[in-house]
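For reference, my_file19.txt (compact mmCIF, C-alpha atoms):
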# COMPACT_ATOMS: atom_id res chain seq x y z
CA MET A 1 150.30 29.95 -109.76
CA HIS A 2 147.53 28.40 -107.72
CA ASP A 3 145.28 25.48 -108.64
CA ILE A 4 141.68 26.72 -108.72
CA ARG A 5 140.43 23.17 -108.24
CA ALA A 6 142.33 22.86 -104.96
CA ILE A 7 140.91 26.21 -103.87
CA ARG A 8 137.36 25.07 -104.65
CA GLU A 9 137.88 21.80 -102.78
CA ASN A 10 139.14 23.47 -99.59
CA PRO A 11 138.60 27.24 -99.63
CA ASP A 12 138.98 27.60 -95.86
CA ALA A 13 142.48 26.08 -95.89
CA PHE A 14 143.48 28.41 -98.74
CA ASP A 15 142.25 31.46 -96.85
CA ARG A 16 144.01 30.35 -93.65
CA ASP A 17 147.32 30.02 -95.52
CA LEU A 18 146.92 33.46 -97.08
CA GLN A 19 146.04 34.94 -93.71
CA ARG A 20 149.42 33.73 -92.44
CA ARG A 21 150.99 35.90 -95.14
CA GLY A 22 148.92 38.91 -94.07
CA LEU A 23 146.35 38.69 -96.86
CA PRO A 24 142.55 38.80 -96.57
CA PRO A 25 140.35 35.84 -97.56
CA LEU A 26 140.36 35.49 -101.35
CA SER A 27 138.75 32.11 -102.04
CA ALA A 28 135.23 33.51 -102.51
CA GLU A 29 136.45 36.05 -105.08
CA LEU A 30 138.45 33.41 -106.96
CA ILE A 31 135.59 30.91 -106.97
CA ALA A 32 133.26 33.63 -108.31
CA LEU A 33 135.74 34.36 -111.12
CA ASP A 34 135.89 30.65 -111.87
CA GLU A 35 132.09 30.48 -111.96
CA ALA A 36 132.10 33.36 -114.45
CA ARG A 37 134.67 31.51 -116.53
CA LYS A 38 132.63 28.32 -116.43
CA GLY A 39 129.51 30.27 -117.40
CA ALA A 40 131.32 31.78 -120.38
CA VAL A 41 132.59 28.35 -121.42
CA SER A 42 129.08 26.88 -121.11
CA ALA A 43 127.57 29.70 -123.18
CA ALA A 44 130.12 29.20 -125.97
CA GLN A 45 129.64 25.44 -125.89
CA ALA A 46 125.85 25.77 -125.91
CA ASN A 47 126.08 28.05 -128.92
CA GLN A 48 128.18 25.52 -130.83
CA GLU A 49 126.02 22.58 -129.79
CA ARG A 50 122.86 24.39 -130.92
CA ARG A 51 124.46 25.19 -134.29
CA ASN A 52 125.41 21.53 -134.73
CA ALA A 53 121.88 20.42 -133.87
CA LEU A 54 120.33 22.99 -136.23
CA ALA A 55 122.54 21.78 -139.07
CA LYS A 56 120.90 18.37 -138.79
CA GLU A 57 117.42 19.89 -138.56
CA ILE A 58 118.06 21.99 -141.65
CA GLY A 59 119.06 18.88 -143.56
CA GLY A 60 115.83 17.16 -142.46
CA ALA A 61 113.69 20.16 -143.40
CA LYS A 62 115.27 20.38 -146.84
CA LYS A 63 114.82 16.68 -147.35
CA ALA A 64 111.12 17.09 -146.44
CA LYS A 65 110.99 20.10 -148.82
CA ASP A 66 109.83 22.30 -145.93
CA GLU A 67 111.44 25.49 -147.22
CA ASP A 68 109.85 27.79 -144.66
CA ARG A 69 111.17 25.73 -141.75
CA ALA A 70 114.57 25.41 -143.40
CA ALA A 71 114.74 29.20 -143.86
CA ALA A 72 113.78 29.83 -140.23
CA LEU A 73 116.39 27.37 -139.00
CA MET A 74 119.05 28.91 -141.23
CA ALA A 75 118.22 32.36 -139.86
CA GLU A 76 118.70 31.03 -136.33
CA VAL A 77 122.06 29.52 -137.33
CA ALA A 78 123.13 32.86 -138.78
CA ALA A 79 122.26 34.62 -135.53
CA LEU A 80 124.12 32.02 -133.49
CA LYS A 81 127.11 32.26 -135.83
CA GLU A 82 127.16 36.03 -135.45
CA ALA A 83 127.09 35.70 -131.67
CA GLY A 84 129.82 33.02 -131.65
CA PRO A 85 132.93 35.25 -131.77
CA GLY A 86 131.64 37.39 -128.92
CA LEU A 87 130.98 34.33 -126.78
CA GLU A 88 134.42 32.92 -127.55
CA ALA A 89 136.01 36.26 -126.72
CA ALA A 90 134.09 36.39 -123.44
CA GLN A 91 135.27 32.88 -122.64
CA GLY A 92 138.89 33.82 -123.31
CA GLU A 93 138.62 37.05 -121.33
CA ALA A 94 137.06 35.29 -118.32
CA GLY A 95 139.93 32.80 -118.34
CA LYS A 96 142.51 35.60 -118.54
CA VAL A 97 140.91 37.48 -115.64
CA LEU A 98 141.00 34.37 -113.45
CA ASP A 99 144.57 33.47 -114.44
CA ALA A 100 145.78 37.03 -113.83
CA ARG A 101 144.22 37.06 -110.38
CA LEU A 102 145.68 33.67 -109.50
CA ALA A 103 149.11 34.78 -110.76
CA ALA A 104 149.10 37.83 -108.48
CA ILE A 105 148.71 35.82 -105.26
CA PRO A 106 151.86 34.62 -103.44
CA ASN A 107 152.57 30.98 -102.72
CA ARG A 108 151.06 29.26 -99.72
CA PRO A 109 153.55 28.81 -96.85
CA LYS A 110 154.37 25.38 -95.49
CA ALA A 111 152.90 24.53 -92.11
CA ASP A 112 156.28 24.69 -90.34
CA VAL A 113 157.11 28.22 -91.53
CA PRO A 114 157.10 30.59 -88.52
CA GLU A 115 154.53 33.38 -88.58
CA GLY A 116 155.66 36.97 -88.55
CA ALA A 117 155.12 40.32 -90.23
CA ASP A 118 158.71 41.05 -91.28
CA GLU A 119 162.35 40.04 -90.76
CA HIS A 120 161.91 40.39 -86.99
CA GLY A 121 159.85 37.21 -87.10
CA ASN A 122 162.65 35.10 -88.61
CA VAL A 123 164.01 32.26 -86.50
CA VAL A 124 167.60 31.02 -86.15
CA TYR A 125 167.82 27.49 -87.62
CA ARG A 126 171.50 26.87 -86.87
CA SER A 127 174.81 28.68 -86.56
CA HIS A 128 178.40 27.99 -87.59
CA ALA A 129 181.54 29.47 -86.11
CA SER A 130 184.78 29.74 -88.08
CA THR A 131 187.96 28.07 -86.87
CA ARG A 132 189.60 31.51 -86.89
CA GLU A 133 188.95 34.03 -84.14
CA ARG A 134 185.90 36.02 -85.16
CA LEU A 135 186.49 39.72 -85.58
CA SER A 136 184.01 41.65 -83.50
CA GLU A 137 184.60 44.82 -85.50
CA GLY A 138 186.77 46.20 -88.28
CA LYS A 139 186.83 48.35 -91.37
CA GLU A 140 184.08 48.01 -93.94
CA HIS A 141 184.88 46.41 -97.29
CA PHE A 142 184.76 49.66 -99.23
CA GLU A 143 187.20 51.31 -96.82
CA LEU A 144 189.62 48.42 -97.33
CA GLY A 145 189.16 48.24 -101.10
CA GLU A 146 189.44 51.98 -101.70
CA ALA A 147 192.51 52.27 -99.48
CA MET A 148 194.26 49.66 -101.62
CA GLY A 149 193.20 51.47 -104.80
CA LEU A 150 191.42 48.31 -106.05
CA MET A 151 187.76 49.26 -105.53
CA ASP A 152 186.56 52.31 -107.46
CA PHE A 153 183.03 53.61 -107.02
CA GLU A 154 183.73 57.10 -108.36
CA THR A 155 184.79 55.89 -111.81
CA ALA A 156 181.92 53.41 -111.86
CA ALA A 157 179.50 56.28 -111.23
CA LYS A 158 180.95 58.16 -114.19
CA LEU A 159 180.47 55.08 -116.36
CA SER A 160 177.09 53.84 -115.15
CA GLY A 161 175.69 55.87 -112.27
CA SER A 162 175.17 54.84 -108.67
CA ARG A 163 175.22 51.25 -107.37
CA PHE A 164 178.06 50.08 -109.61
CA VAL A 165 181.72 49.37 -108.87
CA VAL A 166 184.97 48.90 -110.75
CA LEU A 167 187.20 46.21 -109.23
CA LYS A 168 190.85 46.16 -110.20
CA GLY A 169 193.91 43.97 -109.91
CA GLN A 170 193.85 41.35 -107.20
CA LEU A 171 190.34 42.26 -106.02
CA ALA A 172 189.05 41.61 -109.53
CA ARG A 173 190.95 38.33 -109.47
CA LEU A 174 189.59 37.51 -106.00
CA GLU A 175 186.04 37.97 -107.23
CA ARG A 176 186.76 35.72 -110.21
CA ALA A 177 188.39 33.16 -107.92
CA LEU A 178 185.34 33.06 -105.66
CA GLY A 179 183.01 32.33 -108.57
CA GLN A 180 185.23 29.60 -110.00
CA PHE A 181 185.72 28.03 -106.57
CA MET A 182 181.96 27.85 -106.03
CA LEU A 183 181.28 26.35 -109.46
CA ASP A 184 183.95 23.69 -108.97
CA LEU A 185 182.59 22.84 -105.53
CA HIS A 186 179.00 22.42 -106.70
CA THR A 187 179.84 20.49 -109.86
CA GLN A 188 182.61 18.27 -108.52
CA GLU A 189 181.36 17.58 -104.99
CA HIS A 190 177.61 18.28 -105.01
CA GLY A 191 176.53 16.81 -108.34
CA TYR A 192 175.15 19.92 -110.04
CA LEU A 193 175.35 20.24 -113.81
CA GLU A 194 177.07 23.45 -114.89
CA VAL A 195 175.05 25.51 -117.36
CA ALA A 196 175.98 28.66 -119.28
CA PRO A 197 172.53 30.17 -119.90
CA PRO A 198 171.44 33.35 -121.69
CA VAL A 199 171.17 36.40 -119.45
CA LEU A 200 168.50 37.97 -121.68
CA VAL A 201 165.15 36.22 -121.44
CA ARG A 202 161.61 36.67 -122.72
CA ASP A 203 158.47 37.64 -120.79
CA GLU A 204 157.39 34.01 -120.57
CA ALA A 205 160.53 32.98 -118.72
CA MET A 206 160.19 35.83 -116.21
CA PHE A 207 156.53 34.95 -115.69
CA GLY A 208 157.43 31.30 -115.18
CA THR A 209 159.57 32.02 -112.12
CA ALA A 210 157.18 34.78 -110.94
CA GLN A 211 159.34 37.87 -111.49
CA LEU A 212 156.55 39.07 -113.78
CA PRO A 213 154.15 40.70 -113.58
CA LYS A 214 154.34 41.65 -109.89
CA PHE A 215 158.02 42.68 -109.75
CA GLU A 216 158.37 44.39 -113.11
CA ASP A 217 159.65 47.61 -111.54
CA ASP A 218 162.61 45.75 -110.03
CA GLN A 219 163.85 44.50 -113.41
CA PHE A 220 165.92 45.87 -116.28
CA ALA A 221 164.38 45.47 -119.73
CA VAL A 222 165.60 46.04 -123.26
CA VAL A 223 163.33 46.66 -126.22
CA ASP A 224 164.64 44.91 -129.32
CA GLY A 225 166.71 47.38 -131.29
CA GLN A 226 166.34 50.13 -128.69
CA SER A 227 168.35 51.30 -125.73
CA LEU A 228 168.49 49.62 -122.32
CA ARG A 229 166.34 51.08 -119.60
CA THR A 230 164.38 50.00 -116.58
CA ALA A 231 160.80 48.98 -117.10
CA GLN A 232 159.93 51.53 -114.43
CA ASP A 233 160.95 54.31 -116.85
CA ASP A 234 159.16 52.91 -119.90
CA PRO A 235 158.20 55.45 -122.56
CA GLN A 236 154.70 55.31 -124.00
CA GLY A 237 154.19 51.99 -125.71
CA PHE A 238 157.39 50.41 -124.37
CA ALA A 239 155.58 47.45 -122.83
CA ALA A 240 153.85 46.65 -126.10
CA GLN A 241 157.15 46.27 -127.98
CA PRO A 242 159.11 43.01 -128.28
CA ARG A 243 161.36 43.00 -125.22
CA ARG A 244 163.78 40.91 -123.27
CA TRP A 245 164.80 41.08 -119.63
CA LEU A 246 168.24 41.05 -118.06
CA VAL A 247 168.05 38.23 -115.54
CA PRO A 248 167.87 39.24 -111.86
CA THR A 249 169.29 35.78 -111.08
CA ALA A 250 170.16 32.64 -113.03
CA GLU A 251 167.15 31.05 -111.33
CA VAL A 252 165.13 32.37 -114.27
CA PRO A 253 166.87 30.60 -117.18
CA LEU A 254 167.85 27.52 -115.15
CA THR A 255 164.33 26.81 -113.87
CA ASN A 256 162.84 27.49 -117.28
CA LEU A 257 165.04 24.80 -118.83
CA VAL A 258 162.15 22.41 -118.09
CA ARG A 259 159.28 24.68 -119.15
CA GLU A 260 156.57 23.20 -121.38
CA SER A 261 157.98 19.68 -121.03
CA ILE A 262 157.02 16.33 -119.55
CA LEU A 263 160.00 14.65 -117.89
CA ARG A 264 160.39 11.00 -116.96
CA GLU A 265 160.33 10.38 -113.21
CA GLU A 266 163.64 8.52 -113.44
CA GLU A 267 165.28 11.72 -114.76
CA LEU A 268 164.61 13.47 -111.46
CA PRO A 269 166.09 15.16 -109.58
CA LEU A 270 167.70 17.55 -112.04
CA ARG A 271 170.30 19.83 -110.47
CA PHE A 272 171.69 22.86 -112.32
CA THR A 273 174.22 25.52 -111.40
CA ALA A 274 175.43 28.65 -113.20
CA LEU A 275 177.66 31.64 -112.59
CA THR A 276 176.14 34.69 -114.25
CA PRO A 277 175.97 38.43 -113.96
CA CYS A 278 172.68 39.48 -112.36
CA PHE A 279 170.82 42.76 -112.81
CA ARG A 280 168.36 44.41 -110.44
CA ALA A 281 166.83 47.86 -110.60
CA GLU A 282 166.46 47.92 -106.79
CA ALA A 283 163.39 50.10 -107.23
CA GLY A 284 162.23 49.39 -103.68
CA ALA A 285 165.62 49.92 -102.03
CA ALA A 286 166.04 53.69 -102.26
CA GLY A 287 168.39 54.89 -99.54
CA ARG A 288 169.37 51.38 -98.39
CA ASP A 289 173.01 50.26 -98.39
CA THR A 290 174.06 53.14 -100.63
CA ARG A 291 177.75 52.74 -99.68
CA GLY A 292 179.76 49.85 -100.98
CA MET A 293 178.87 46.64 -102.79
CA LEU A 294 176.02 45.26 -100.70
CA ARG A 295 173.20 46.37 -103.01
CA GLN A 296 174.30 46.76 -106.61
CA HIS A 297 172.49 47.02 -109.93
CA GLN A 298 174.94 44.49 -111.40
CA PHE A 299 176.63 41.64 -109.54
CA HIS A 300 177.69 38.02 -109.98
CA LYS A 301 176.06 35.05 -108.33
CA VAL A 302 176.33 31.28 -108.45
CA GLU A 303 172.80 29.88 -108.59
CA LEU A 304 171.54 26.43 -107.63
CA VAL A 305 168.30 25.03 -109.08
CA SER A 306 166.69 21.64 -108.47
CA ILE A 307 163.73 20.00 -110.21
CA THR A 308 162.20 17.16 -108.19
CA THR A 309 159.12 15.09 -107.54
CA PRO A 310 156.76 16.43 -104.85
CA GLU A 311 157.78 13.64 -102.46
CA ALA A 312 161.48 14.55 -102.67
CA SER A 313 161.31 18.34 -102.53
CA ALA A 314 161.52 18.77 -98.73
CA ASP A 315 164.67 16.65 -98.49
CA GLU A 316 166.10 18.41 -101.54
CA HIS A 317 165.58 21.73 -99.78
CA GLU A 318 167.73 20.60 -96.85
CA ARG A 319 170.34 19.23 -99.25
CA MET A 320 170.52 22.49 -101.19
CA LEU A 321 171.00 24.40 -97.96
CA THR A 322 173.97 22.22 -96.95
CA CYS A 323 175.50 22.71 -100.42
CA ALA A 324 175.33 26.49 -100.02
CA GLU A 325 176.64 26.28 -96.46
CA ALA A 326 179.64 24.27 -97.70
CA VAL A 327 180.88 27.36 -99.54
CA LEU A 328 181.10 29.36 -96.31
CA LYS A 329 182.54 26.45 -94.35
CA LYS A 330 185.37 26.00 -96.86
CA LEU A 331 186.00 29.74 -96.80
CA ASP A 332 186.00 29.48 -92.99
CA LEU A 333 183.48 32.29 -92.51
CA PRO A 334 181.13 32.57 -89.50
CA TYR A 335 177.45 32.45 -90.44
CA ARG A 336 173.99 31.56 -89.28
CA VAL A 337 170.96 30.08 -91.02
CA MET A 338 167.57 31.74 -90.56
CA THR A 339 164.16 30.26 -91.30
CA LEU A 340 162.21 33.12 -92.83
CA CYS A 341 158.80 33.90 -91.41
CA THR A 342 155.63 34.20 -93.48
CA GLY A 343 155.95 37.97 -93.78
CA ASP A 344 159.55 37.92 -95.04
CA MET A 345 159.41 35.07 -97.56
CA GLY A 346 159.65 35.63 -101.29
CA PHE A 347 156.53 35.69 -103.46
CA ALA A 348 157.07 32.23 -105.02
CA SER A 349 158.40 30.48 -101.93
CA GLN A 350 156.73 27.88 -99.72
CA LYS A 351 159.66 27.96 -97.30
CA THR A 352 162.99 29.79 -97.32
CA TYR A 353 166.27 29.51 -95.46
CA ASP A 354 168.55 32.55 -95.51
CA ILE A 355 172.25 32.14 -94.83
CA GLU A 356 173.63 35.24 -93.15
CA VAL A 357 177.38 35.77 -92.99
CA TRP A 358 179.08 37.81 -90.28
CA VAL A 359 180.46 41.16 -91.52
CA PRO A 360 182.57 42.78 -88.79
CA GLY A 361 182.65 46.15 -90.55
CA GLN A 362 178.93 46.50 -89.87
CA ARG A 363 179.08 44.33 -86.74
CA THR A 364 176.12 42.30 -87.92
CA TYR A 365 175.04 39.38 -90.09
CA ARG A 366 174.05 40.01 -93.73
CA GLU A 367 172.26 37.72 -96.15
CA ILE A 368 174.56 35.92 -98.58
CA SER A 369 172.22 33.15 -99.78
CA SER A 370 168.53 32.29 -99.90
CA CYS A 371 167.41 28.69 -100.48
CA SER A 372 163.72 28.25 -101.28
CA VAL A 373 161.35 25.44 -102.09
CA CYS A 374 158.49 26.58 -104.33
CA GLY A 375 156.39 23.41 -104.63
CA ASP A 376 154.48 23.34 -107.93
CA PHE A 377 153.93 27.13 -107.89
CA GLN A 378 156.46 27.88 -110.64
CA ALA A 379 155.85 24.60 -112.47
CA ARG A 380 152.21 25.54 -113.09
CA ARG A 381 153.30 28.85 -114.57
CA MET A 382 155.82 27.05 -116.80
CA GLN A 383 153.74 23.95 -117.55
CA ALA A 384 156.63 21.80 -116.34
CA ARG A 385 155.55 18.25 -115.57
CA TYR A 386 156.80 14.70 -115.14
CA ARG A 387 155.18 11.35 -115.79
CA GLY A 388 154.96 9.24 -112.66
CA LYS A 389 154.69 5.48 -112.22
CA ASP A 390 150.94 5.66 -112.87
CA GLY A 391 151.65 7.16 -116.29
CA LYS A 392 149.79 10.39 -115.52
CA PRO A 393 151.53 13.78 -115.91
CA ALA A 394 151.95 15.76 -112.68
CA PHE A 395 153.65 19.05 -111.94
CA VAL A 396 157.26 18.95 -110.76
CA HIS A 397 158.49 20.81 -107.71
CA THR A 398 161.14 23.51 -108.14
CA LEU A 399 163.80 24.80 -105.75
CA ASN A 400 166.35 27.56 -106.06
CA GLY A 401 169.17 28.93 -103.97
CA SER A 402 172.26 31.11 -104.05
CA GLY A 403 175.40 29.09 -103.94
CA VAL A 404 176.37 31.91 -103.17
CA ALA A 405 176.26 35.62 -104.08
CA VAL A 406 179.82 36.30 -105.27
CA GLY A 407 179.91 40.01 -104.46
CA ARG A 408 178.71 39.44 -100.92
CA ALA A 409 181.22 36.62 -100.49
CA LEU A 410 183.90 39.08 -101.55
CA ILE A 411 182.66 41.53 -98.91
CA ALA A 412 182.72 38.80 -96.26
CA VAL A 413 186.26 37.69 -97.17
CA LEU A 414 187.58 41.26 -97.15
CA GLU A 415 186.07 42.09 -93.78
CA ASN A 416 186.74 38.79 -92.01
CA TYR A 417 190.27 38.33 -93.37
CA GLN A 418 191.42 41.93 -92.94
CA ASN A 419 194.71 42.59 -91.18
CA PRO A 420 195.63 45.60 -88.99
CA ASP A 421 197.80 47.01 -91.80
CA GLY A 422 194.83 47.00 -94.23
CA SER A 423 195.97 43.97 -96.20
CA ILE A 424 193.76 40.93 -96.81
CA THR A 425 194.73 37.33 -96.15
CA VAL A 426 193.53 35.04 -98.95
CA PRO A 427 191.50 32.08 -97.60
CA SER A 428 193.33 28.80 -98.17
CA ALA A 429 190.44 27.43 -100.25
CA LEU A 430 191.03 30.22 -102.79
CA ALA A 431 194.83 29.95 -103.01
CA PRO A 432 194.73 27.57 -106.02
CA TYR A 433 192.57 30.12 -107.87
CA MET A 434 194.84 33.05 -106.96
CA GLY A 435 198.06 31.73 -108.46
CA GLY A 436 199.43 30.95 -105.03
CA LEU A 437 198.89 34.50 -103.75
CA HIS A 438 198.26 34.47 -99.99
CA ARG A 439 197.97 38.19 -99.27
CA ILE A 440 196.39 41.17 -101.05
CA GLU A 441 198.08 44.46 -100.28
CA GLY A 442 197.51 46.80 -103.21
CA PRO A 443 197.78 47.17 -106.99
CA ARG A 444 199.49 44.39 -108.94

Once more with this new file: its structure as structure tokens, please.
Amino acid sequence: MHDIRAIRENPDAFDRDLQRRGLPPLSAELIALDEARKGAVSAAQANQERRNALAKEIGGAKKAKDEDRAAALMAEVAALKEAGPGLEAAQGEAGKVLDARLAAIPNRPKADVPEGADEHGNVVYRSHASTRERLSEGKEHFELGEAMGLMDFETAAKLSGSRFVVLKGQLARLERALGQFMLDLHTQEHGYLEVAPPVLVRDEAMFGTAQLPKFEDDQFAVVDGQSLRTAQDDPQGFAAQPRRWLVPTAEVPLTNLVRESILREEELPLRFTALTPCFRAEAGAAGRDTRGMLRQHQFHKVELVSITTPEASADEHERMLTCAEAVLKKLDLPYRVMTLCTGDMGFASQKTYDIEVWVPGQRTYREISSCSVCGDFQARRMQARYRGKDGKPAFVHTLNGSGVAVGRALIAVLENYQNPDGSITVPSALAPYMGGLHRIEGPR
């Protein structure tokens, strides 16, 4: 959410930032909407002020026994009173129109974000090679999993449709081990507080982190007491019913832990982590990554969220990135970090780093984590503030990152640790979580 006062103070800077994201100038439109809102507020206030003044005049007229004047003044009050609800409604509507327009505009990129139209404009930030010899090619994860009889897409399709999987035996355990390993790393070594949040949230929570309203079609919703379906397939009146949303990421409940609150500066930074199932309709991904586990409707992810002061958020962004990288380093997986360009960043982000892990089955790098700093963009939507040393409330800064996507980590382990006979070597960091198992060969 943008600050209209900041836009009014420097409209040219606002338009320049939006231009970097491929948007036309919008400051003039927003300022005009704000003028309309101010005009509606002034009209409602003038109405109330006139009624207050007339009340005193009526008292004076009655005291002077001037009945004609008193009657005329009372008639004017009645007319003003009748007009009052309409003026108040116009004031509220003007505010809603402005807020809706502000909420539909993406965050302003930081000055050091590279410009570009799409992923081709992203820039390598740094790379990391594993201590093991990197496989230049190999079988894809689904070939390995299906050959072992531990990865079943056909049965999953019978149960739930496309973009689901059934993991069995030691692959199911390997996925569980990855999640537990990541949680232990972030809580024991990186200082994050583990949280077990709800995975069904209300509209307000989804709005707070900017999944709503713009990305409604990418979400799964449930109407209270009715069946689960995507919002994209809503029946008539669905949106008007009480509803909750299956979280697309634990960023939503974790960030909203501080909504509608004023924190003490000494409480910051707050650092949260959670391992949750995540649900995405993938409405805009038709035909992409249809084979395997890369793009699923349901998957697990370890999320990292930080709440900081504005002064600390840039350093916290770098810290969060190193925490996510530590997962891949301990798993001894080759990866690179990309700084996303203005055309590839998420809606709420000021700046984003993507960690891309090497997958030899596809002979390319694939995203396994995104770490973003959002400034006060989400905080304004959530009304999340802190009280600084001057005693005045100010908006916090929010950050979120994957620490990391468990399903994609499973893919990376399978493909990078595959053996010529189709078995999988278990990374040493996961051995304690696998009951001492060092090799996955088939059903157990």

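The list of residues with at least one atom within 12 Å of Leu23 of chain A, based on only C-alpha atoms and without residues fewer than 5 positions apart in the same chain, reads Phe14, Asp15, Arg16, Asp17, Leu18, Ala104, Ile105, Pro106, Asn107, Arg108, Ala117, Thr342 and Gly343 of chain A.
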
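If all atoms listed in the file are the atoms counted, then among A:Ala172, A:Ala210, A:Leu246, A:Ala28 the closest residue to Leu410 of chain A is A:Ala172.
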
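Closest approach to Ala75 of chain A among A:Val201, A:Tyr417, A:Tyr433, A:Arg51 is made by A:Arg51 (distances from all atoms listed in the file).
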
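Ranking A:Lys351, A:Arg173, A:Arg132, A:Arg126 by their shortest atom-to-atom distance to Ser370 of chain A, with all atoms listed in the file included, puts A:Lys351 first.
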
Find the spatial neighbours of segment 183-194 of chain A, counting only C-alpha atoms, within a cut-off of 8 Å - ignore same-chain residues fewer than 6 positions away - and output them as a list in words.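 Listing them by chain and then by number gives Arg271, Phe272, Thr273, Ala274, Leu275, Val302, Leu304, Cys323 and Val327 of chain A.
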
Of the candidates A:Ala281, A:Ser130, A:Glu367, A:Leu167, which one gets nearest to Met148 of chain A if we count only C-alpha atoms?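 Between A:Ala281, A:Ser130, A:Glu367, A:Leu167, the residue approaching Met148 of chain A most closely is A:Leu167.
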